[in-house]
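Asks: Structure below; questions to follow.
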Amino acid sequence: MLAVREAGRRIEDRRRQLLCTGYFVFVGHEPCVMCAMALVHARVAAVVIGAQCLETGALTGDTLRIGSHPKLNHRYAVYCY
């Protein structure tokens, strides 16, 4: 039982190391769908965008808005300057 508890603790510690919970990500160009989903999986707190991309961007357009999509299990704030 102690070995199982220790293994669970190590997995939990490793999981905390892999996630970017609470991080702000600064990008020069708006992320595509694949990159926006990677930010969802990383659990970032916010993304700051330097330039929007109307063709391939997935965060500020009228259709996708991956960072605030209601069906996803994590959302993050998006700031565009």
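Lettering and numbering for the structure tokens are positional, with chains as A, B, ... in the shown order, residues counted from 1 in each chain, and ligands counted from 1 in the shown order.
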Counting only C-alpha atoms, what is within 10 Å of segment 41-48 of chain A, bar same-chain residues fewer than 4 positions away, as number ranges by chain?

Replies: A: 18-31, 35-37, 59, 67, 72-81

Asks: Could you tell me how far atom CA of Asp62 of chain A lies from atom CA of Leu39 of chain A, in Å and to one decimal?

Replies: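 We find that atom CA of Asp62 of chain A and atom CA of Leu39 of chain A lie 19.2 Å from each other.
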
Asks: Please indicate the distance in Å from atom CA of Cys32 of chain A to atom CA of Leu64 of chain A, rounded to one decimal place.

Replies: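 Computing it gives 10.2 Å between the two atoms.
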